[in-house]
Every structure is written in C-alpha cells, then in structure tokens.
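So this one's structure29.tsv, TSV, N, CA, C and O atoms:
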```tsv
chain	number	residue	atom	x	y	z
A	383	MET	N	-15.58	34.09	42.91
A	383	MET	CA	-16.99	34.42	42.93
A	383	MET	C	-17.50	34.31	44.37
A	383	MET	O	-17.20	33.36	45.07
A	384	ASP	N	-18.27	35.27	44.76
A	384	ASP	CA	-18.87	35.27	46.09
A	384	ASP	C	-20.30	34.74	46.01
A	384	ASP	O	-21.00	34.98	45.02
A	385	PHE	N	-20.71	34.06	47.04
A	385	PHE	CA	-22.06	33.50	47.12
A	385	PHE	C	-22.71	34.02	48.40
A	385	PHE	O	-22.01	34.35	49.37
A	386	GLU	N	-24.03	34.07	48.41
A	386	GLU	CA	-24.76	34.45	49.61
A	386	GLU	C	-26.07	33.68	49.64
A	386	GLU	O	-26.73	33.52	48.61
A	387	CYS	N	-26.40	33.19	50.81
A	387	CYS	CA	-27.68	32.50	50.97
A	387	CYS	C	-28.27	32.79	52.33
A	387	CYS	O	-27.56	33.13	53.27
A	388	THR	N	-29.57	32.67	52.40
A	388	THR	CA	-30.31	32.84	53.65
A	388	THR	C	-31.13	31.59	53.88
A	388	THR	O	-31.75	31.07	52.95
A	389	GLY	N	-31.09	31.09	55.09
A	389	GLY	CA	-31.86	29.90	55.40
A	389	GLY	C	-31.93	29.66	56.89
A	389	GLY	O	-31.21	30.29	57.67
A	390	ALA	N	-32.79	28.75	57.25
A	390	ALA	CA	-32.97	28.38	58.66
A	390	ALA	C	-31.89	27.36	59.06
A	390	ALA	O	-31.55	26.47	58.28
A	391	ILE	N	-31.38	27.51	60.26
A	391	ILE	CA	-30.40	26.56	60.80
A	391	ILE	C	-31.13	25.28	61.17
A	391	ILE	O	-32.19	25.31	61.81
A	392	TRP	N	-30.58	24.15	60.74
A	392	TRP	CA	-31.13	22.85	61.11
A	392	TRP	C	-30.01	21.97	61.66
A	392	TRP	O	-28.85	22.23	61.43
A	393	GLU	N	-30.42	20.96	62.40
A	393	GLU	CA	-29.45	20.11	63.09
A	393	GLU	C	-29.45	18.70	62.51
A	393	GLU	O	-30.49	18.11	62.27
A	394	TRP	N	-28.25	18.19	62.26
A	394	TRP	CA	-28.05	16.79	61.93
A	394	TRP	C	-27.54	16.13	63.19
A	394	TRP	O	-26.51	16.52	63.71
A	395	ARG	N	-28.29	15.15	63.67
A	395	ARG	CA	-27.91	14.50	64.92
A	395	ARG	C	-27.21	13.18	64.63
A	395	ARG	O	-27.86	12.19	64.36
A	396	GLY	N	-25.92	13.24	64.67
A	396	GLY	CA	-25.12	12.03	64.51
A	396	GLY	C	-24.33	11.82	65.78
A	396	GLY	O	-24.70	12.34	66.84
A	397	PRO	N	-23.23	11.10	65.68
A	397	PRO	CA	-22.39	10.92	66.86
A	397	PRO	C	-21.96	12.26	67.46
A	397	PRO	O	-21.86	12.40	68.66
A	398	ALA	N	-21.74	13.23	66.58
A	398	ALA	CA	-21.47	14.61	67.01
A	398	ALA	C	-22.43	15.48	66.21
A	398	ALA	O	-22.38	15.49	64.98
A	399	PRO	N	-23.35	16.18	66.87
A	399	PRO	CA	-24.33	16.97	66.10
A	399	PRO	C	-23.66	18.12	65.35
A	399	PRO	O	-22.69	18.71	65.81
A	400	PHE	N	-24.19	18.38	64.16
A	400	PHE	CA	-23.76	19.51	63.34
A	400	PHE	C	-24.97	20.37	63.05
A	400	PHE	O	-26.09	19.89	63.01
A	401	HIS	N	-24.73	21.66	62.85
A	401	HIS	CA	-25.78	22.61	62.50
A	401	HIS	C	-25.45	23.18	61.13
A	401	HIS	O	-24.31	23.58	60.88
A	402	PHE	N	-26.46	23.22	60.25
A	402	PHE	CA	-26.25	23.61	58.87
A	402	PHE	C	-27.28	24.62	58.40
A	402	PHE	O	-28.37	24.73	58.97
A	403	VAL	N	-26.93	25.29	57.29
A	403	VAL	CA	-27.88	26.03	56.47
A	403	VAL	C	-27.75	25.41	55.08
A	403	VAL	O	-26.63	25.18	54.60
A	404	THR	N	-28.87	25.12	54.44
A	404	THR	CA	-28.87	24.54	53.11
A	404	THR	C	-28.62	25.62	52.07
A	404	THR	O	-29.26	26.68	52.10
A	405	VAL	N	-27.68	25.36	51.17
A	405	VAL	CA	-27.40	26.29	50.07
A	405	VAL	C	-28.50	26.10	49.03
A	405	VAL	O	-28.78	24.97	48.61
A	406	PRO	N	-29.16	27.19	48.59
A	406	PRO	CA	-30.25	27.06	47.63
A	406	PRO	C	-29.80	26.41	46.31
A	406	PRO	O	-28.67	26.64	45.85
A	407	THR	N	-30.67	25.64	45.72
A	407	THR	CA	-30.38	24.91	44.49
A	407	THR	C	-29.88	25.83	43.39
A	407	THR	O	-28.97	25.46	42.64
A	408	GLU	N	-30.43	27.03	43.28
A	408	GLU	CA	-30.05	27.93	42.20
A	408	GLU	C	-28.59	28.39	42.27
A	408	GLU	O	-28.03	28.85	41.29
A	409	LEU	N	-27.94	28.24	43.41
A	409	LEU	CA	-26.52	28.59	43.53
A	409	LEU	C	-25.60	27.41	43.22
A	409	LEU	O	-24.41	27.58	42.96
A	410	CYS	N	-26.14	26.21	43.25
A	410	CYS	CA	-25.30	25.01	43.20
A	410	CYS	C	-24.60	24.77	41.87
A	410	CYS	O	-23.49	24.24	41.86
A	411	ASP	N	-25.19	25.16	40.74
A	411	ASP	CA	-24.52	24.95	39.45
A	411	ASP	C	-23.23	25.74	39.38
A	411	ASP	O	-22.18	25.21	39.03
A	412	ASP	N	-23.29	27.04	39.71
A	412	ASP	CA	-22.08	27.86	39.72
A	412	ASP	C	-21.09	27.37	40.76
A	412	ASP	O	-19.88	27.37	40.55
A	413	LEU	N	-21.61	26.94	41.88
A	413	LEU	CA	-20.76	26.45	42.96
A	413	LEU	C	-20.03	25.16	42.56
A	413	LEU	O	-18.85	25.00	42.86
A	414	ARG	N	-20.70	24.27	41.86
A	414	ARG	CA	-20.08	23.02	41.43
A	414	ARG	C	-18.87	23.26	40.53
A	414	ARG	O	-17.88	22.54	40.61
A	415	VAL	N	-18.95	24.27	39.66
A	415	VAL	CA	-17.82	24.59	38.78
A	415	VAL	C	-16.59	24.92	39.61
A	415	VAL	O	-15.50	24.42	39.35
A	416	GLN	N	-16.75	25.76	40.61
A	416	GLN	CA	-15.63	26.12	41.48
A	416	GLN	C	-15.24	24.96	42.39
A	416	GLN	O	-14.06	24.75	42.66
A	417	ALA	N	-16.21	24.21	42.85
A	417	ALA	CA	-15.95	23.10	43.77
A	417	ALA	C	-15.02	22.07	43.14
A	417	ALA	O	-14.15	21.51	43.82
A	418	ASN	N	-15.17	21.83	41.85
A	418	ASN	CA	-14.31	20.85	41.17
A	418	ASN	C	-12.84	21.24	41.24
A	418	ASN	O	-11.97	20.38	41.18
A	419	LEU	N	-12.55	22.52	41.37
A	419	LEU	CA	-11.17	23.00	41.44
A	419	LEU	C	-10.64	23.08	42.87
A	419	LEU	O	-9.45	23.21	43.08
A	420	ALA	N	-11.54	23.04	43.84
A	420	ALA	CA	-11.12	23.28	45.22
A	420	ALA	C	-11.34	22.12	46.19
A	420	ALA	O	-10.77	22.11	47.27
A	421	THR	N	-12.15	21.14	45.81
A	421	THR	CA	-12.49	20.06	46.74
A	421	THR	C	-11.24	19.29	47.17
A	421	THR	O	-10.31	19.13	46.39
A	422	TYR	N	-11.24	18.83	48.39
A	422	TYR	CA	-10.09	18.08	48.89
A	422	TYR	C	-10.48	16.65	49.27
A	422	TYR	O	-9.75	15.96	49.95
A	423	GLY	N	-11.61	16.20	48.84
A	423	GLY	CA	-12.00	14.83	49.10
A	423	GLY	C	-13.49	14.70	49.32
A	423	GLY	O	-14.11	15.59	49.88
A	424	TRP	N	-14.08	13.63	48.85
A	424	TRP	CA	-15.51	13.30	48.91
A	424	TRP	C	-16.45	14.48	48.71
A	424	TRP	O	-17.54	14.53	49.25
A	425	GLY	N	-16.02	15.46	47.90
A	425	GLY	CA	-16.89	16.58	47.53
A	425	GLY	C	-16.93	17.73	48.50
A	425	GLY	O	-17.66	18.69	48.30
A	426	VAL	N	-16.16	17.67	49.58
A	426	VAL	CA	-16.12	18.75	50.57
A	426	VAL	C	-15.40	19.94	49.95
A	426	VAL	O	-14.37	19.79	49.30
A	427	VAL	N	-15.95	21.15	50.13
A	427	VAL	CA	-15.41	22.35	49.50
A	427	VAL	C	-15.04	23.38	50.57
A	427	VAL	O	-15.93	23.88	51.27
A	428	PRO	N	-13.76	23.72	50.71
A	428	PRO	CA	-13.36	24.71	51.71
A	428	PRO	C	-13.85	26.11	51.32
A	428	PRO	O	-13.81	26.48	50.15
A	429	VAL	N	-14.33	26.85	52.31
A	429	VAL	CA	-14.81	28.21	52.07
A	429	VAL	C	-14.41	29.13	53.22
A	429	VAL	O	-14.17	28.68	54.34
A	430	THR	N	-14.33	30.41	52.91
A	430	THR	CA	-14.29	31.43	53.94
A	430	THR	C	-15.70	32.02	53.97
A	430	THR	O	-16.33	32.20	52.92
A	431	ALA	N	-16.21	32.27	55.15
A	431	ALA	CA	-17.60	32.68	55.28
A	431	ALA	C	-17.75	33.83	56.26
A	431	ALA	O	-16.85	34.12	57.06
A	432	GLU	N	-18.93	34.45	56.20
A	432	GLU	CA	-19.25	35.56	57.10
A	432	GLU	C	-20.76	35.61	57.29
A	432	GLU	O	-21.52	35.39	56.34
A	433	SER	N	-21.18	35.87	58.51
A	433	SER	CA	-22.59	36.06	58.81
A	433	SER	C	-22.72	37.18	59.84
A	433	SER	O	-22.11	37.10	60.92
A	434	SER	N	-23.42	38.22	59.50
A	434	SER	CA	-23.64	39.37	60.39
A	434	SER	C	-22.34	39.88	61.00
A	434	SER	O	-22.26	40.16	62.20
A	435	GLY	N	-21.30	39.97	60.18
A	435	GLY	CA	-20.02	40.51	60.64
A	435	GLY	C	-19.11	39.50	61.31
A	435	GLY	O	-18.00	39.84	61.69
A	436	VAL	N	-19.54	38.26	61.47
A	436	VAL	CA	-18.72	37.23	62.09
A	436	VAL	C	-18.09	36.38	60.98
A	436	VAL	O	-18.80	35.70	60.24
A	437	ALA	N	-16.77	36.46	60.87
A	437	ALA	CA	-16.05	35.70	59.84
A	437	ALA	C	-15.61	34.35	60.39
A	437	ALA	O	-15.26	34.23	61.56
A	438	PHE	N	-15.65	33.33	59.52
A	438	PHE	CA	-15.20	32.00	59.92
A	438	PHE	C	-14.81	31.19	58.69
A	438	PHE	O	-15.15	31.56	57.57
A	439	THR	N	-14.07	30.13	58.91
A	439	THR	CA	-13.74	29.19	57.84
A	439	THR	C	-14.48	27.89	58.10
A	439	THR	O	-14.70	27.51	59.26
A	440	THR	N	-14.86	27.23	57.03
A	440	THR	CA	-15.55	25.96	57.14
A	440	THR	C	-15.46	25.26	55.79
A	440	THR	O	-14.72	25.71	54.92
A	441	SER	N	-16.20	24.21	55.61
A	441	SER	CA	-16.25	23.51	54.33
A	441	SER	C	-17.69	23.13	54.04
A	441	SER	O	-18.39	22.63	54.92
A	442	LEU	N	-18.12	23.38	52.81
A	442	LEU	CA	-19.44	22.95	52.38
A	442	LEU	C	-19.44	21.43	52.29
A	442	LEU	O	-18.46	20.82	51.85
A	443	PHE	N	-20.54	20.81	52.68
A	443	PHE	CA	-20.69	19.37	52.57
A	443	PHE	C	-21.68	19.08	51.45
A	443	PHE	O	-22.72	19.74	51.37
A	444	PRO	N	-21.40	18.09	50.60
A	444	PRO	CA	-22.39	17.71	49.60
A	444	PRO	C	-23.56	16.99	50.27
A	444	PRO	O	-23.37	16.22	51.21
A	445	ARG	N	-24.79	17.29	49.79
A	445	ARG	CA	-25.96	16.62	50.36
A	445	ARG	C	-27.12	16.70	49.37
A	445	ARG	O	-27.47	17.79	48.92
A	446	ASP	N	-27.67	15.56	49.05
A	446	ASP	CA	-28.85	15.48	48.18
A	446	ASP	C	-28.67	16.24	46.87
A	446	ASP	O	-29.59	16.94	46.41
A	447	GLY	N	-27.50	16.16	46.26
A	447	GLY	CA	-27.25	16.82	44.99
A	447	GLY	C	-26.91	18.29	45.10
A	447	GLY	O	-26.68	18.96	44.10
A	448	GLY	N	-26.88	18.81	46.32
A	448	GLY	CA	-26.53	20.22	46.55
A	448	GLY	C	-25.47	20.31	47.63
A	448	GLY	O	-24.64	19.41	47.78
A	449	TYR	N	-25.52	21.39	48.39
A	449	TYR	CA	-24.54	21.61	49.45
A	449	TYR	C	-25.22	22.16	50.69
A	449	TYR	O	-26.27	22.81	50.62
A	450	VAL	N	-24.59	21.91	51.83
A	450	VAL	CA	-24.98	22.53	53.09
A	450	VAL	C	-23.74	23.18	53.68
A	450	VAL	O	-22.62	22.73	53.46
A	451	ILE	N	-23.96	24.28	54.41
A	451	ILE	CA	-22.83	24.98	55.03
A	451	ILE	C	-22.95	24.85	56.55
A	451	ILE	O	-23.97	25.23	57.14
A	452	PRO	N	-21.92	24.27	57.17
A	452	PRO	CA	-21.96	24.14	58.63
A	452	PRO	C	-21.84	25.51	59.31
A	452	PRO	O	-21.06	26.36	58.88
A	453	ILE	N	-22.60	25.69	60.38
A	453	ILE	CA	-22.52	26.91	61.19
A	453	ILE	C	-21.95	26.49	62.54
A	453	ILE	O	-22.63	25.85	63.34
A	454	LYS	N	-20.69	26.84	62.76
A	454	LYS	CA	-19.97	26.42	63.95
A	454	LYS	C	-20.64	26.92	65.24
A	454	LYS	O	-21.26	27.98	65.26
A	455	ALA	N	-20.44	26.17	66.32
A	455	ALA	CA	-20.99	26.53	67.62
A	455	ALA	C	-20.52	27.93	68.04
A	455	ALA	O	-21.32	28.73	68.55
A	456	ALA	N	-19.25	28.23	67.83
A	456	ALA	CA	-18.72	29.54	68.23
A	456	ALA	C	-19.42	30.67	67.46
A	456	ALA	O	-19.70	31.73	68.03
A	457	VAL	N	-19.73	30.43	66.21
A	457	VAL	CA	-20.43	31.43	65.39
A	457	VAL	C	-21.87	31.57	65.89
A	457	VAL	O	-22.37	32.69	66.06
A	458	ARG	N	-22.54	30.46	66.13
A	458	ARG	CA	-23.93	30.51	66.62
A	458	ARG	C	-24.01	31.24	67.96
A	458	ARG	O	-24.96	32.00	68.19
A	459	GLN	N	-23.02	31.03	68.83
A	459	GLN	CA	-23.03	31.69	70.14
A	459	GLN	C	-22.89	33.20	70.00
A	459	GLN	O	-23.62	33.96	70.65
A	460	VAL	N	-21.96	33.64	69.15
A	460	VAL	CA	-21.77	35.09	68.97
A	460	VAL	C	-23.01	35.72	68.34
A	460	VAL	O	-23.44	36.81	68.74
A	461	LEU	N	-23.61	35.03	67.37
A	461	LEU	CA	-24.80	35.56	66.69
A	461	LEU	C	-26.08	35.37	67.51
A	461	LEU	O	-27.11	35.94	67.16
A	462	ARG	N	-25.98	34.55	68.55
A	462	ARG	CA	-27.14	34.25	69.40
A	462	ARG	C	-28.29	33.66	68.58
A	462	ARG	O	-29.43	34.11	68.64
A	463	VAL	N	-27.93	32.62	67.80
A	463	VAL	CA	-28.91	31.93	66.97
A	463	VAL	C	-28.86	30.44	67.25
A	463	VAL	O	-27.88	29.92	67.78
A	464	GLY	N	-29.93	29.77	66.88
A	464	GLY	CA	-30.01	28.33	67.07
A	464	GLY	C	-30.90	27.69	66.02
A	464	GLY	O	-31.26	28.33	65.02
A	465	ILE	N	-31.28	26.47	66.27
A	465	ILE	CA	-32.10	25.70	65.34
A	465	ILE	C	-33.37	26.47	65.01
A	465	ILE	O	-34.06	26.97	65.89
A	466	GLY	N	-33.64	26.59	63.70
A	466	GLY	CA	-34.84	27.26	63.23
A	466	GLY	C	-34.66	28.75	62.94
A	466	GLY	O	-35.47	29.34	62.24
A	467	ASP	N	-33.60	29.35	63.47
A	467	ASP	CA	-33.35	30.77	63.21
A	467	ASP	C	-32.80	30.94	61.80
A	467	ASP	O	-31.99	30.15	61.33
A	468	GLU	N	-33.24	32.00	61.12
A	468	GLU	CA	-32.73	32.30	59.79
A	468	GLU	C	-31.48	33.15	59.88
A	468	GLU	O	-31.42	34.10	60.67
A	469	VAL	N	-30.49	32.78	59.07
A	469	VAL	CA	-29.25	33.56	58.99
A	469	VAL	C	-28.90	33.74	57.53
A	469	VAL	O	-29.27	32.94	56.67
A	470	THR	N	-28.18	34.81	57.25
A	470	THR	CA	-27.63	35.04	55.93
A	470	THR	C	-26.14	34.79	56.02
A	470	THR	O	-25.47	35.32	56.92
A	471	VAL	N	-25.65	33.96	55.11
A	471	VAL	CA	-24.22	33.59	55.09
A	471	VAL	C	-23.66	33.95	53.73
A	471	VAL	O	-24.19	33.54	52.70
A	472	SER	N	-22.58	34.72	53.74
A	472	SER	CA	-21.82	35.00	52.53
A	472	SER	C	-20.59	34.11	52.56
A	472	SER	O	-19.99	33.93	53.62
A	473	PHE	N	-20.21	33.56	51.40
A	473	PHE	CA	-19.04	32.68	51.40
A	473	PHE	C	-18.35	32.71	50.04
A	473	PHE	O	-18.95	33.01	49.03
A	474	THR	N	-17.06	32.38	50.09
A	474	THR	CA	-16.22	32.32	48.91
A	474	THR	C	-15.44	31.02	48.97
A	474	THR	O	-14.92	30.65	50.03
A	475	VAL	N	-15.36	30.33	47.85
A	475	VAL	CA	-14.59	29.09	47.78
A	475	VAL	C	-13.12	29.43	48.02
A	475	VAL	O	-12.57	30.38	47.46
A	476	ALA	N	-12.48	28.67	48.90
A	476	ALA	CA	-11.07	28.88	49.25
A	476	ALA	C	-10.23	27.91	48.41
A	476	ALA	O	-10.12	26.73	48.73
A	477	PHE	N	-9.68	28.42	47.33
A	477	PHE	CA	-8.88	27.58	46.44
A	477	PHE	C	-7.53	27.27	47.08
A	477	PHE	O	-6.95	28.11	47.76
A	478	PRO	N	-7.01	26.06	46.83
A	478	PRO	CA	-5.69	25.71	47.39
A	478	PRO	C	-4.61	26.59	46.81
A	478	PRO	O	-4.68	27.01	45.66
A	479	GLN	N	-3.63	26.89	47.63
A	479	GLN	CA	-2.50	27.71	47.19
A	479	GLN	C	-1.49	26.82	46.45
A	479	GLN	O	-1.23	25.71	46.91
A	480	PRO	N	-0.92	27.32	45.34
A	480	PRO	CA	0.04	26.50	44.58
A	480	PRO	C	1.33	26.26	45.34
A	480	PRO	O	1.70	26.90	46.24
```

In structure tokens, write the structure found in this file.
Amino acid sequence: MDFECTGAIWEWRGPAPFHFVTVPTELCDDLRVQANLATYGWGVVPVTAESSGVAFTTSLFPRDGGYVIPIKAAVRQVLRVGIGDEVTVSFTVAFPQP
C-alpha cells in the first residue's frame, strides 16, 4: 500500500537535529497494520519515499501515537526546502526480504 502526506517541515533539536513531516492521523491506522509486519525495533518502520521526484529511503519514527517521517538533509538541499516549508511525501513500507 502506498501512502502520501503533505505537511510542514519541523525540526527536533536534540544532540543531532532531525527534520520531520508529521504523518496525518487518518493514515496511521492503515500504517500500523503494515508497521507490525515491518518494524525492526522500538516501532521504527522502514520506508522507501519520494518527494517532488527525489527518491530516498528512511524510517518512520513513532511519536505521540502516530508517526513522523524524517526528511534527510540531502533531500532538503535538492528540494531547496527548510523548516516551515510544506512538502508532499509519498512512501511505501519496506517489508523485510525473506
């Protein structure tokens, strides 16, 4: 199943800052079903993603009962986006290979 969401990029400032887009709540129920089959620890879900023609791999992080999708620095640079900019991200859960 493919998912798509649009949201503003926000920054989590920890020891190493991360930039995320929050996955809308209405997608999370379907996502949780797939996540249970693909997670590799503490609820992290591997995905293949694309935004404006830029493909990348990442992992959804669980947060506040939902998920956030990290937007890598290399992706942000190519797209010329930053904190507060809205992006549309399409993604598919990357199931482990048998």

Run DSSP on the backbone and grab whatever in chain A lands in helix (DSSP H, G or I); send it over as a list in words. Thr407, Glu408, Leu409, Cys410, Asp411, Asp412, Leu413, Arg414, Val415, Gln416, Ala417, Asn418, Leu419, Ala420, Ala455, Ala456, Val457, Arg458, Gln459, Val460 and Leu461 of chain A

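Residue nearest Thr470 in chain A, chosen from A:Val450, A:Ala455, A:Val436, A:Val415 and counting all atoms listed in the file: A:Val436.
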
How far is it from CA of Arg414 in chain A to CA of Pro397 in chain A, in Å with one decimal? 28.3 Å

So the first atom is atom C of Glu408 in chain A and the second is atom O of Gly396 in chain A; what is the distance between them in Å, to one decimal place? 29.6 Å

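Between atom C of Pro428 in chain A and CA of Leu442 in chain A the interatomic distance comes to 6.5 Å.
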
Shortest interatomic distance to Phe473 in chain A - which of A:Ala431, A:Val403, A:Ala417, A:Ala398, counting only N, CA, C and O atoms: A:Ala431

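Excluding Val429 in chain A itself and same-chain residues fewer than 5 positions from it, the residues having an atom within 5 Å of it are A:Phe438, A:Thr439, A:Thr440, A:Ser441, A:Thr474, A:Val475, A:Ala476, counting all atoms listed in the file.
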
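The smallest atom-to-atom distance between Thr388 in chain A and any of A:Gly466, A:Gln416, A:Phe477, A:Trp424, using only C-alpha atoms, is found for A:Gly466.
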
Taking all atoms of range 460-470 of chain A that the file lists and extending 5 Å past them on each side, where is the centre of the axis-aligned box and how long are its edges? Answer in Å to one decimal, as JSON.
```
{"center_x": -28.6, "center_y": 31.3, "center_z": 62.7, "size_x": 23.7, "size_y": 21.1, "size_z": 23.5}
```

Would you return as an NGL selection string the members of range 405-473 of chain A that DSSP assigns to strand (DSSP E or B) on this structure's backbone? :A and (427-433 or 436-445 or 448-452 or 468-473)

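Considering only C-alpha atoms, the residue among A:Val405, A:Leu461, A:Val469, A:Ala420 positioned nearest to Asp446 in chain A is A:Val405.
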
Can you tell me, as an NGL selection string, what residues are no more than 6 Å from Phe402 in chain A when counting all atoms listed in the file, ignoring any on the same chain fewer than 5 positions away? :A and (390-394 or 450-453)

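With distances taken over only N, CA, C and O atoms, A:Gly389 is the one residue among A:Gly389, A:Pro478, A:Leu419, A:Asp384 lying closest to Thr404 in chain A.
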